$ cat start-v2.csv   # CSV, C-alpha atoms
chain,number,residue,atom,x,y,z
A,1,LYS,CA,18.1,14.1,-7.9
A,2,ILE,CA,16.1,11.5,-6.0
A,3,LEU,CA,16.5,10.9,-2.3
A,4,ILE,CA,15.6,7.5,-0.8
A,5,VAL,CA,15.1,7.5,2.9
A,6,GLY,CA,15.3,3.9,4.2
A,7,LEU,CA,16.9,0.9,2.5
A,8,GLY,CA,14.8,-2.0,3.5
A,9,SER,CA,13.4,-4.4,0.9
A,10,ILE,CA,11.0,-1.9,-0.6
A,11,GLY,CA,13.6,0.8,-0.7
A,12,VAL,CA,16.0,-1.5,-2.6
A,13,ARG,CA,13.2,-2.4,-5.0
A,14,HIS,CA,12.5,1.3,-5.7
A,15,VAL,CA,16.2,2.1,-6.2
A,16,LYS,CA,16.6,-0.8,-8.7
A,17,ASN,CA,13.4,0.3,-10.6
A,18,ILE,CA,14.5,3.9,-10.8
A,19,LEU,CA,17.9,3.0,-12.2
A,20,ALA,CA,16.2,0.7,-14.7
A,21,CYS,CA,13.6,3.1,-15.9
A,22,PHE,CA,15.1,6.6,-15.7
A,23,SER,CA,18.4,7.7,-17.1
A,24,ASN,CA,20.3,10.8,-16.0
A,25,THR,CA,19.2,10.2,-12.5
A,26,GLU,CA,21.3,10.7,-9.4
A,27,ILE,CA,20.2,8.8,-6.3
A,28,ILE,CA,21.0,9.9,-2.8
A,29,ILE,CA,20.3,7.3,-0.1
A,30,TYR,CA,19.9,7.9,3.6
A,31,SER,CA,20.5,4.6,5.5
A,32,LYS,CA,22.3,3.4,8.6
A,33,ARG,CA,22.4,-0.2,7.4
A,34,THR,CA,25.9,-1.8,7.4
A,35,LYS,CA,24.9,-4.4,4.8
A,36,ILE,CA,24.0,-2.7,1.5
A,37,PRO,CA,23.7,-4.7,-1.8
A,38,ALA,CA,26.9,-4.5,-3.8
A,39,GLU,CA,25.0,-3.4,-7.0
A,40,ILE,CA,23.8,-0.3,-5.1
A,41,LYS,CA,26.9,0.4,-3.1
A,42,LYS,CA,29.2,0.3,-6.1
A,43,ASN,CA,26.9,2.2,-8.5
A,44,ASP,CA,28.5,5.5,-9.7
A,45,ASN,CA,25.0,7.2,-9.8
A,46,ILE,CA,24.4,6.5,-6.1
A,47,ILE,CA,25.6,8.4,-3.0
A,48,ILE,CA,25.0,6.9,0.4
A,49,PHE,CA,24.9,9.0,3.6
A,50,ASP,CA,24.2,8.1,7.3
A,51,SER,CA,22.7,11.5,7.9
A,52,LEU,CA,19.5,13.0,6.5
A,53,GLN,CA,21.0,16.5,6.8
A,54,LYS,CA,23.9,15.5,4.6
A,55,CYS,CA,21.4,14.2,2.0
A,56,LEU,CA,19.5,17.4,2.0
A,57,LYS,CA,22.7,19.4,1.3
A,58,GLU,CA,22.7,17.6,-2.0
A,59,GLN,CA,19.5,19.4,-2.9
A,60,PRO,CA,17.3,16.5,-4.1
A,61,ASN,CA,14.0,17.5,-5.8
A,62,ILE,CA,12.2,14.1,-5.3
A,63,GLY,CA,12.0,12.1,-2.1
A,64,PHE,CA,11.0,8.4,-1.6
A,65,ILE,CA,10.2,7.8,2.0
A,66,THR,CA,10.6,4.0,2.6
A,67,ASN,CA,11.6,3.9,6.3
A,68,GLU,CA,9.5,2.4,9.1
A,69,SER,CA,5.9,3.6,9.1
A,70,ALA,CA,6.2,5.4,12.5
A,71,PHE,CA,8.8,7.8,10.9
A,72,HIS,CA,7.0,8.5,7.6
A,73,VAL,CA,5.4,11.8,8.6
A,74,PRO,CA,8.3,13.3,10.6
A,75,THR,CA,10.6,12.5,7.7
A,76,ALA,CA,8.1,13.8,5.1
A,77,ILE,CA,7.8,17.2,7.0
A,78,LYS,CA,11.6,17.7,6.8
A,79,LEU,CA,11.5,17.0,3.0
A,80,ALA,CA,8.4,19.1,2.4
A,81,LYS,CA,10.0,22.1,4.1
A,82,ASN,CA,12.8,21.8,1.5
A,83,GLY,CA,10.3,21.8,-1.4
A,84,ILE,CA,10.8,18.1,-2.2
A,85,ASP,CA,8.0,16.2,-4.0
A,86,LEU,CA,7.0,13.1,-2.0
A,87,PHE,CA,6.5,9.4,-2.7
A,88,ILE,CA,5.5,7.9,0.7
A,89,GLU,CA,5.3,4.2,1.1
A,90,LYS,CA,2.1,2.8,2.6
A,91,PRO,CA,0.8,3.4,5.1
A,92,LEU,CA,1.0,7.2,5.4
A,93,SER,CA,1.7,6.8,9.1
A,94,ASP,CA,0.6,4.9,12.2
A,95,SER,CA,-1.2,7.8,13.7
A,96,SER,CA,-2.7,11.2,12.7
A,97,ARG,CA,0.2,13.1,14.5
A,98,GLY,CA,1.9,15.6,12.3
A,99,ILE,CA,-0.3,15.1,9.2
A,100,ASN,CA,-1.9,18.6,9.3
A,101,GLU,CA,1.6,20.2,9.5
A,102,LEU,CA,2.8,18.0,6.6
A,103,LYS,CA,-0.2,19.1,4.5
A,104,LYS,CA,0.5,22.7,5.3
A,105,TYR,CA,4.0,22.5,3.8
A,106,ILE,CA,2.8,20.4,0.8
A,107,LYS,CA,0.2,23.1,0.0
A,108,LYS,CA,2.6,26.0,0.6
A,109,ASN,CA,5.3,24.5,-1.7
A,110,LYS,CA,2.8,23.1,-4.2
A,111,LEU,CA,4.3,19.6,-3.9
A,112,ILE,CA,3.2,16.5,-5.8
A,113,THR,CA,2.5,13.5,-3.5
A,114,GLN,CA,1.8,9.8,-3.8
A,115,ILE,CA,1.2,7.0,-1.4
A,116,GLY,CA,2.9,3.8,-2.4
A,117,CYS,CA,-0.1,1.5,-2.7
A,118,ASN,CA,1.0,-0.7,-5.6
A,119,PHE,CA,-2.3,-2.7,-5.6
A,120,ARG,CA,-3.9,0.2,-7.5
A,121,PHE,CA,-1.6,-0.9,-10.4
A,122,PHE,CA,-2.3,-4.7,-10.1
A,123,PRO,CA,-4.1,-5.8,-13.3
A,124,PRO,CA,-7.1,-7.7,-11.6
A,125,ILE,CA,-7.8,-4.8,-9.2
A,126,LYS,CA,-7.6,-2.3,-12.1
A,127,LYS,CA,-10.0,-4.4,-14.0
A,128,ILE,CA,-12.4,-4.6,-11.1
A,129,LYS,CA,-12.3,-0.8,-10.8
A,130,SER,CA,-13.3,-0.5,-14.5
A,131,LEU,CA,-16.1,-2.9,-14.1
A,132,ILE,CA,-17.5,-1.1,-11.0
A,133,ASP,CA,-17.2,2.3,-12.7
A,134,ALA,CA,-19.1,0.9,-15.7
A,135,LYS,CA,-21.8,-0.4,-13.4
A,136,LYS,CA,-21.5,-3.9,-14.9
A,137,ILE,CA,-23.2,-5.4,-11.8
A,138,GLY,CA,-25.5,-2.5,-11.2
A,139,ARG,CA,-25.6,-0.8,-7.8
A,140,VAL,CA,-23.1,-2.4,-5.5
A,141,ILE,CA,-24.6,-3.6,-2.2
A,142,SER,CA,-21.8,-5.4,-0.4
A,143,VAL,CA,-18.2,-6.4,-0.7
A,144,GLN,CA,-16.0,-9.1,1.0
A,145,VAL,CA,-12.2,-9.0,0.9
A,146,GLU,CA,-9.7,-11.3,2.5
A,147,ASN,CA,-5.9,-11.1,2.9
A,148,ASN,CA,-4.2,-14.0,4.7
A,149,SER,CA,-0.5,-14.5,4.9
A,150,TYR,CA,2.3,-15.7,7.2
A,151,LEU,CA,4.6,-13.0,8.6
A,152,PRO,CA,7.7,-15.1,8.9
A,153,ASP,CA,7.5,-15.8,5.1
A,154,TYR,CA,7.7,-12.0,4.3
A,155,HIS,CA,11.5,-11.8,4.6
A,156,PRO,CA,12.8,-15.3,5.4
A,157,TRP,CA,16.4,-14.1,5.6
A,158,GLU,CA,15.6,-12.0,8.7
A,159,ASP,CA,14.1,-12.6,12.2
A,160,TYR,CA,10.5,-11.6,11.7
A,161,ARG,CA,10.2,-10.6,15.4
A,162,LYS,CA,12.6,-7.7,14.8
A,163,SER,CA,10.9,-6.5,11.6
A,164,TYR,CA,8.9,-3.3,11.6
A,165,ALA,CA,5.8,-5.3,10.6
A,166,ALA,CA,5.9,-7.2,13.9
A,167,ARG,CA,6.5,-4.1,16.1
A,168,LYS,CA,3.8,-1.8,17.3
A,169,ASP,CA,6.4,0.9,18.2
A,170,LEU,CA,7.5,1.1,14.5
A,171,GLY,CA,4.0,1.3,13.1
A,172,GLY,CA,3.7,-2.4,12.2
A,173,GLY,CA,0.7,-4.8,12.5
A,174,SER,CA,-1.5,-6.5,10.1
A,175,VAL,CA,-3.9,-3.6,9.5
A,176,LEU,CA,-1.3,-1.0,8.7
A,177,THR,CA,1.2,-3.3,6.9
A,178,GLN,CA,-1.5,-4.8,4.8
A,179,ILE,CA,-3.5,-1.7,4.3
A,180,HIS,CA,-3.8,-2.5,0.5
A,181,GLU,CA,-7.3,-4.0,0.9
A,182,ILE,CA,-8.5,-0.9,2.8
A,183,ASP,CA,-6.9,1.3,0.2
A,184,TYR,CA,-8.4,-0.3,-2.9
A,185,LEU,CA,-11.8,-0.5,-1.3
A,186,TYR,CA,-11.6,3.2,-0.6
A,187,TRP,CA,-10.5,3.6,-4.3
A,188,LEU,CA,-13.6,1.7,-5.4
A,189,PHE,CA,-16.2,3.0,-3.1
A,190,GLY,CA,-15.0,6.2,-1.4
A,191,ASP,CA,-15.3,7.4,2.1
A,192,VAL,CA,-16.4,5.2,5.0
A,193,LYS,CA,-19.1,6.3,7.4
A,194,ARG,CA,-18.6,3.9,10.3
A,195,VAL,CA,-16.6,0.9,11.4
A,196,SER,CA,-17.0,-2.1,13.7
A,197,SER,CA,-13.9,-4.3,14.3
A,198,PHE,CA,-12.1,-7.0,16.2
A,199,THR,CA,-8.4,-6.2,15.8
A,200,GLY,CA,-5.6,-7.5,17.9
A,201,LYS,CA,-2.9,-10.1,18.7
A,202,TYR,CA,-4.5,-13.5,18.5
A,203,SER,CA,-2.0,-16.0,17.2
A,204,ASP,CA,1.2,-17.6,18.6
A,205,LEU,CA,3.5,-15.3,16.6
A,206,GLU,CA,5.9,-13.4,18.7
A,207,VAL,CA,4.8,-9.9,17.7
A,208,SER,CA,3.8,-6.8,19.7
A,209,ALA,CA,1.4,-5.5,17.0
A,210,ASP,CA,-2.0,-6.8,15.8
A,211,ASP,CA,-1.9,-10.0,13.8
A,212,MET,CA,-5.5,-10.2,12.8
A,213,SER,CA,-8.4,-7.9,12.0
A,214,THR,CA,-12.0,-8.7,11.1
A,215,SER,CA,-14.1,-5.6,10.4
A,216,LEU,CA,-17.4,-4.4,9.1
A,217,VAL,CA,-17.4,-1.0,7.3
A,218,GLU,CA,-20.2,1.1,6.0
A,219,PHE,CA,-19.3,3.4,3.1
A,220,ASP,CA,-21.1,6.7,2.5
A,221,LYS,CA,-22.5,5.2,-0.7
A,222,GLY,CA,-24.3,2.6,1.4
A,223,VAL,CA,-22.0,-0.3,0.4
A,224,ILE,CA,-21.4,-2.7,3.3
A,225,GLY,CA,-17.9,-4.2,3.5
A,226,GLN,CA,-16.3,-7.1,5.3
A,227,ILE,CA,-12.5,-7.0,5.6
A,228,HIS,CA,-10.5,-9.8,7.0
A,229,ILE,CA,-6.7,-9.5,7.4
A,230,SER,CA,-4.3,-11.9,9.1
A,231,TYR,CA,-0.6,-12.5,9.6
A,232,PHE,CA,-0.6,-16.1,10.6
A,233,GLN,CA,-2.0,-18.2,7.8
A,234,ARG,CA,-0.4,-20.5,5.3
A,235,PRO,CA,-1.2,-20.8,2.5
A,236,TYR,CA,-1.1,-17.2,1.3
A,237,TYR,CA,-4.5,-16.2,0.1
A,238,ARG,CA,-6.3,-13.1,-1.1
A,239,SER,CA,-9.8,-12.6,-2.4
A,240,CYS,CA,-12.4,-10.0,-3.3
A,241,LYS,CA,-16.2,-10.6,-3.9
A,242,ILE,CA,-18.4,-7.7,-4.9
A,243,LYS,CA,-22.2,-8.2,-5.0
A,244,GLY,CA,-24.5,-5.9,-6.9
A,245,THR,CA,-28.1,-5.6,-8.0
A,246,LYS,CA,-27.3,-7.2,-11.4
A,247,GLY,CA,-24.6,-9.6,-10.6
A,248,VAL,CA,-21.3,-10.5,-8.8
A,249,ILE,CA,-17.6,-9.9,-9.4
A,250,GLU,CA,-15.1,-12.3,-7.9
A,251,TRP,CA,-11.3,-12.5,-7.8
A,252,ASN,CA,-8.9,-14.6,-5.7
A,253,SER,CA,-5.1,-15.1,-5.7
A,254,LEU,CA,-5.2,-18.8,-6.5
A,255,ASP,CA,-6.5,-18.7,-10.0
A,256,ASN,CA,-6.0,-15.0,-10.4
A,257,ASN,CA,-9.0,-14.5,-12.7
A,258,VAL,CA,-11.7,-11.9,-12.5
A,259,ASN,CA,-15.1,-13.5,-13.0
A,260,ILE,CA,-18.4,-11.8,-13.4
A,261,PHE,CA,-21.8,-13.4,-12.8
A,262,ASN,CA,-24.8,-12.0,-14.7
A,263,MET,CA,-28.0,-12.3,-12.6
A,264,LYS,CA,-30.3,-12.2,-15.7
A,265,GLN,CA,-28.3,-14.8,-17.7
A,266,LYS,CA,-27.6,-16.9,-14.6
A,267,LYS,CA,-24.1,-17.6,-15.7
A,268,TRP,CA,-20.4,-16.8,-14.9
A,269,LYS,CA,-18.1,-15.2,-17.4
A,270,LYS,CA,-14.3,-14.9,-17.2
A,271,VAL,CA,-13.1,-11.4,-17.9
A,272,ASN,CA,-10.1,-10.9,-20.1
A,273,ILE,CA,-7.2,-9.1,-18.4
A,274,LYS,CA,-4.4,-7.7,-20.5
A,275,ASN,CA,-0.8,-8.5,-19.2
A,276,ASN,CA,-2.1,-10.3,-16.1
A,277,TYR,CA,0.2,-12.0,-13.6
A,278,LYS,CA,-0.1,-13.9,-10.3
A,279,LEU,CA,0.8,-12.6,-6.9
A,280,ILE,CA,3.5,-14.5,-4.9
A,281,THR,CA,2.3,-17.4,-2.8
A,282,GLY,CA,5.1,-17.3,-0.3
A,283,GLY,CA,7.6,-14.7,1.0
A,284,VAL,CA,10.3,-14.9,-1.6
A,285,THR,CA,10.1,-14.0,-5.3
A,286,THR,CA,12.8,-15.0,-7.8
A,287,GLY,CA,13.6,-14.8,-11.5
A,288,GLN,CA,10.6,-14.6,-13.8
A,289,THR,CA,8.0,-14.5,-11.0
A,290,ASP,CA,9.5,-11.4,-9.5
A,291,LYS,CA,10.0,-9.8,-12.9
A,292,LYS,CA,6.3,-10.0,-13.6
A,293,LEU,CA,5.3,-9.0,-10.0
A,294,ASN,CA,7.7,-6.1,-10.2
A,295,GLN,CA,5.6,-4.6,-13.0
A,296,MET,CA,3.1,-2.9,-10.7
A,297,TYR,CA,5.9,-1.2,-8.7
A,298,ILE,CA,7.4,0.1,-12.0
A,299,GLU,CA,4.0,1.4,-13.1
A,300,GLU,CA,3.4,3.2,-9.9
A,301,ILE,CA,6.8,4.9,-10.0
A,302,LYS,CA,6.3,5.9,-13.7
A,303,HIS,CA,2.9,7.3,-12.8
A,304,PHE,CA,4.4,9.4,-10.0
A,305,MET,CA,7.3,10.6,-12.0
A,306,ASN,CA,5.0,11.6,-14.9
A,307,CYS,CA,2.8,13.6,-12.5
A,308,VAL,CA,5.9,15.3,-11.0
A,309,LYS,CA,7.0,16.3,-14.5
A,310,ASN,CA,3.6,17.6,-15.5
A,311,ARG,CA,2.7,19.0,-12.0
A,312,LYS,CA,-0.5,17.0,-11.9
A,313,SER,CA,-2.1,15.2,-8.9
A,314,THR,CA,-1.4,11.5,-8.6
A,315,ILE,CA,-3.8,8.6,-8.5
A,316,ASN,CA,-3.2,8.4,-4.7
A,317,ASP,CA,-2.1,11.7,-3.1
A,318,ILE,CA,-1.7,12.5,0.6
A,319,ILE,CA,-5.4,13.4,1.0
A,320,GLN,CA,-6.4,9.9,-0.1
A,321,GLY,CA,-3.6,8.4,1.9
A,322,GLU,CA,-5.0,10.2,5.0
A,323,GLN,CA,-8.5,9.0,4.4
A,324,THR,CA,-7.3,5.4,4.0
A,325,LEU,CA,-5.3,5.7,7.2
A,326,LYS,CA,-8.4,7.1,9.1
A,327,ILE,CA,-10.3,3.9,8.2
A,328,ALA,CA,-7.4,1.7,9.5
A,329,LEU,CA,-7.1,3.7,12.7
A,330,ALA,CA,-10.9,3.5,13.2
A,331,MET,CA,-10.7,-0.3,13.0
A,332,LYS,CA,-8.1,-0.3,15.8
A,333,GLU,CA,-10.1,2.2,17.8
A,334,SER,CA,-13.3,0.2,17.4
A,335,SER,CA,-11.7,-2.9,18.7
A,336,ARG,CA,-10.0,-1.2,21.6
A,337,LYS,CA,-13.1,0.6,22.7
A,338,ARG,CA,-15.5,-2.3,21.8
A,339,ARG,CA,-17.9,-0.1,19.9
A,340,ILE,CA,-18.8,1.2,16.5
A,341,VAL,CA,-16.6,4.2,15.5
A,342,ILE,CA,-18.1,7.0,13.4
A,343,LEU,CA,-15.6,8.6,11.0
A,344,LYS,CA,-15.4,12.4,11.2
A,345,LYS,CA,-15.5,14.3,7.9

$ encode --input "start-v2.csv" --output "structure tokens"
Amino acid sequence: KILIVGLGSIGVRHVKNILACFSNTEIIIYSKRTKIPAEIKKNDNIIIFDSLQKCLKEQPNIGFITNESAFHVPTAIKLAKNGIDLFIEKPLSDSSRGINELKKYIKKNKLITQIGCNFRFFPPIKKIKSLIDAKKIGRVISVQVENNSYLPDYHPWEDYRKSYAARKDLGGGSVLTQIHEIDYLYWLFGDVKRVSSFTGKYSDLEVSADDMSTSLVEFDKGVIGQIHISYFQRPYYRSCKIKGTKGVIEWNSLDNNVNIFNMKQKKWKKVNIKNNYKLITGGVTTGQTDKKLNQMYIEEIKHFMNCVKNRKSTINDIIQGEQTLKIALAMKESSRKRRIVILKK
């Protein structure tokens, strides 16, 4: 039995993927939405309640937390107390409140946890990870990543101003909503030592949360990172450039290739990526485009379910989710206090 808490776009995606990939599964949904897709509402394997307490009476053993970021941890605590394994959508939270209590119940009940950062399953990022681990460009010195998008394009069917991503009180903002770049850099290079950042509301968008962040981070390994995230740019664009003692690795969302420059040979080489696919360039995905893009969401769920079955730690458990969140919160703190922030161990 799988409990889904929250039925926004990512909640709907997870429900569809679970139904497509796992037979003999009963899904229990907690949602107060009045408009629920017909294919979900009429499915015999799905029960929908407007109360979390009613859902818990059904005794689910797996929980997907897909509500607004500000409510992730309070919701997770209620599920963890009931011994429910947890898949928590990114980010883990919008603050550190309640995380230690949550970790206490996770440890006590020996729960499997995963943070939903699907970019760890995106083919180009997976390939970059393998190249870094194999030291293909020697010792890494610096990295530059960029993520520019336009918030009103995310869900064109709704008023962006009312979305959680636009609202500070619901845990929105560019840094937390687009925490993917911070997460995969943590995956590549580990803990961050200190952060300096300009993060805030800069554009003409009608949002209460931050819509841009430009940050410098120093990793414990000595790697210096530049991270730029924004909500107000068209066209959509993402990129990653990693510089090492023996070469450079590059990727961007336009051509979607991973290229590596060999310092000794003085030439670029395109790296072969199995089953690669492009990211979306707008807000809406349809047909074949979404089918390909959906693959990384399917892979992350399959990974989580396999770890639950075998009682093994996932690729991105709550400990890693907390570390990534600490980096994001340090960016916001650095900008607010106008100083470098040292991350505590």

$ closest_atom_pairs --input "start-v2.csv" --of "range 87-201 of chain A" --to "range 246-261 of chain A" --cutoff "12 Å" --atoms "all atoms listed in the file" --output "JSON lines"
{"residue": "A:Phe122", "atom": "CA", "partner": "A:Asn256", "partner_atom": "CA", "distance": 10.9}
{"residue": "A:Pro123", "atom": "CA", "partner": "A:Val258", "partner_atom": "CA", "distance": 9.8}
{"residue": "A:Pro124", "atom": "CA", "partner": "A:Val258", "partner_atom": "CA", "distance": 6.3}
{"residue": "A:Ile125", "atom": "CA", "partner": "A:Trp251", "partner_atom": "CA", "distance": 8.6}
{"residue": "A:Lys126", "atom": "CA", "partner": "A:Val258", "partner_atom": "CA", "distance": 10.4}
{"residue": "A:Lys127", "atom": "CA", "partner": "A:Val258", "partner_atom": "CA", "distance": 7.8}
{"residue": "A:Ile128", "atom": "CA", "partner": "A:Val258", "partner_atom": "CA", "distance": 7.5}
{"residue": "A:Lys129", "atom": "CA", "partner": "A:Ile249", "partner_atom": "CA", "distance": 10.6}
{"residue": "A:Ser130", "atom": "CA", "partner": "A:Ile249", "partner_atom": "CA", "distance": 11.5}
{"residue": "A:Leu131", "atom": "CA", "partner": "A:Ile249", "partner_atom": "CA", "distance": 8.6}
{"residue": "A:Ile132", "atom": "CA", "partner": "A:Ile249", "partner_atom": "CA", "distance": 8.9}
{"residue": "A:Lys135", "atom": "CA", "partner": "A:Lys246", "partner_atom": "CA", "distance": 9.0}
{"residue": "A:Lys136", "atom": "CA", "partner": "A:Lys246", "partner_atom": "CA", "distance": 7.5}
{"residue": "A:Ile137", "atom": "CA", "partner": "A:Lys246", "partner_atom": "CA", "distance": 4.5}
{"residue": "A:Gly138", "atom": "CA", "partner": "A:Lys246", "partner_atom": "CA", "distance": 5.0}
{"residue": "A:Arg139", "atom": "CA", "partner": "A:Lys246", "partner_atom": "CA", "distance": 7.5}
{"residue": "A:Val140", "atom": "CA", "partner": "A:Lys246", "partner_atom": "CA", "distance": 8.7}
{"residue": "A:Ile141", "atom": "CA", "partner": "A:Val248", "partner_atom": "CA", "distance": 10.1}
{"residue": "A:Ser142", "atom": "CA", "partner": "A:Val248", "partner_atom": "CA", "distance": 9.8}
{"residue": "A:Val143", "atom": "CA", "partner": "A:Ile249", "partner_atom": "CA", "distance": 9.4}
{"residue": "A:Gln144", "atom": "CA", "partner": "A:Glu250", "partner_atom": "CA", "distance": 9.5}
{"residue": "A:Val145", "atom": "CA", "partner": "A:Asn252", "partner_atom": "CA", "distance": 9.3}
{"residue": "A:Glu146", "atom": "CA", "partner": "A:Asn252", "partner_atom": "CA", "distance": 8.9}
{"residue": "A:Asn147", "atom": "CA", "partner": "A:Ser253", "partner_atom": "CA", "distance": 9.5}
{"residue": "A:Asn148", "atom": "CA", "partner": "A:Ser253", "partner_atom": "CA", "distance": 10.5}
{"residue": "A:Ser149", "atom": "CA", "partner": "A:Ser253", "partner_atom": "CA", "distance": 11.6}

$ residues_near_point --input "start-v2.csv" --point "(-0.7, 0.2, 0.9)" --cutoff "8 Å" --atoms "all atoms listed in the file" --output "PyMOL selection string"
chain A and resi 89-91+115-119+176-181+183

$ write_last_selection --input "start-v2.csv" --atoms "C-alpha atoms" --output "mmCIF file, in the frame of the given file"
data_model
loop_
_atom_site.group_PDB
_atom_site.id
_atom_site.type_symbol
_atom_site.label_atom_id
_atom_site.label_comp_id
_atom_site.auth_asym_id
_atom_site.auth_seq_id
_atom_site.Cartn_x
_atom_site.Cartn_y
_atom_site.Cartn_z
ATOM 1 C CA GLU A 89 5.300 4.200 1.100
ATOM 2 C CA LYS A 90 2.100 2.800 2.600
ATOM 3 C CA PRO A 91 0.800 3.400 5.100
ATOM 4 C CA ILE A 115 1.200 7.000 -1.400
ATOM 5 C CA GLY A 116 2.900 3.800 -2.400
ATOM 6 C CA CYS A 117 -0.100 1.500 -2.700
ATOM 7 C CA ASN A 118 1.000 -0.700 -5.600
ATOM 8 C CA PHE A 119 -2.300 -2.700 -5.600
ATOM 9 C CA LEU A 176 -1.300 -1.000 8.700
ATOM 10 C CA THR A 177 1.200 -3.300 6.900
ATOM 11 C CA GLN A 178 -1.500 -4.800 4.800
ATOM 12 C CA ILE A 179 -3.500 -1.700 4.300
ATOM 13 C CA HIS A 180 -3.800 -2.500 0.500
ATOM 14 C CA GLU A 181 -7.300 -4.000 0.900
ATOM 15 C CA ASP A 183 -6.900 1.300 0.200
#

$ atom_distance --input "start-v2.csv" --atom1 "CA of Met296 in chain A" --atom2 "CA of Phe121 in chain A"
5.1 Å

$ residues_around --input "start-v2.csv" --residues "Lys35 in chain A" --least-positions-apart "5" --cutoff "12 Å" --atoms "all atoms listed in the file" --output "list in words"
Leu7, Gly8, Val12, Ile40 and Lys41 of chain A

$ atom_distance --input "start-v2.csv" --atom1 "CA of Gly172 in chain A" --atom2 "CA of Ile106 in chain A"
25.5 Å

$ atom_distance --input "start-v2.csv" --atom1 "CA of Ser31 in chain A" --atom2 "CA of Phe49 in chain A"
6.5 Å
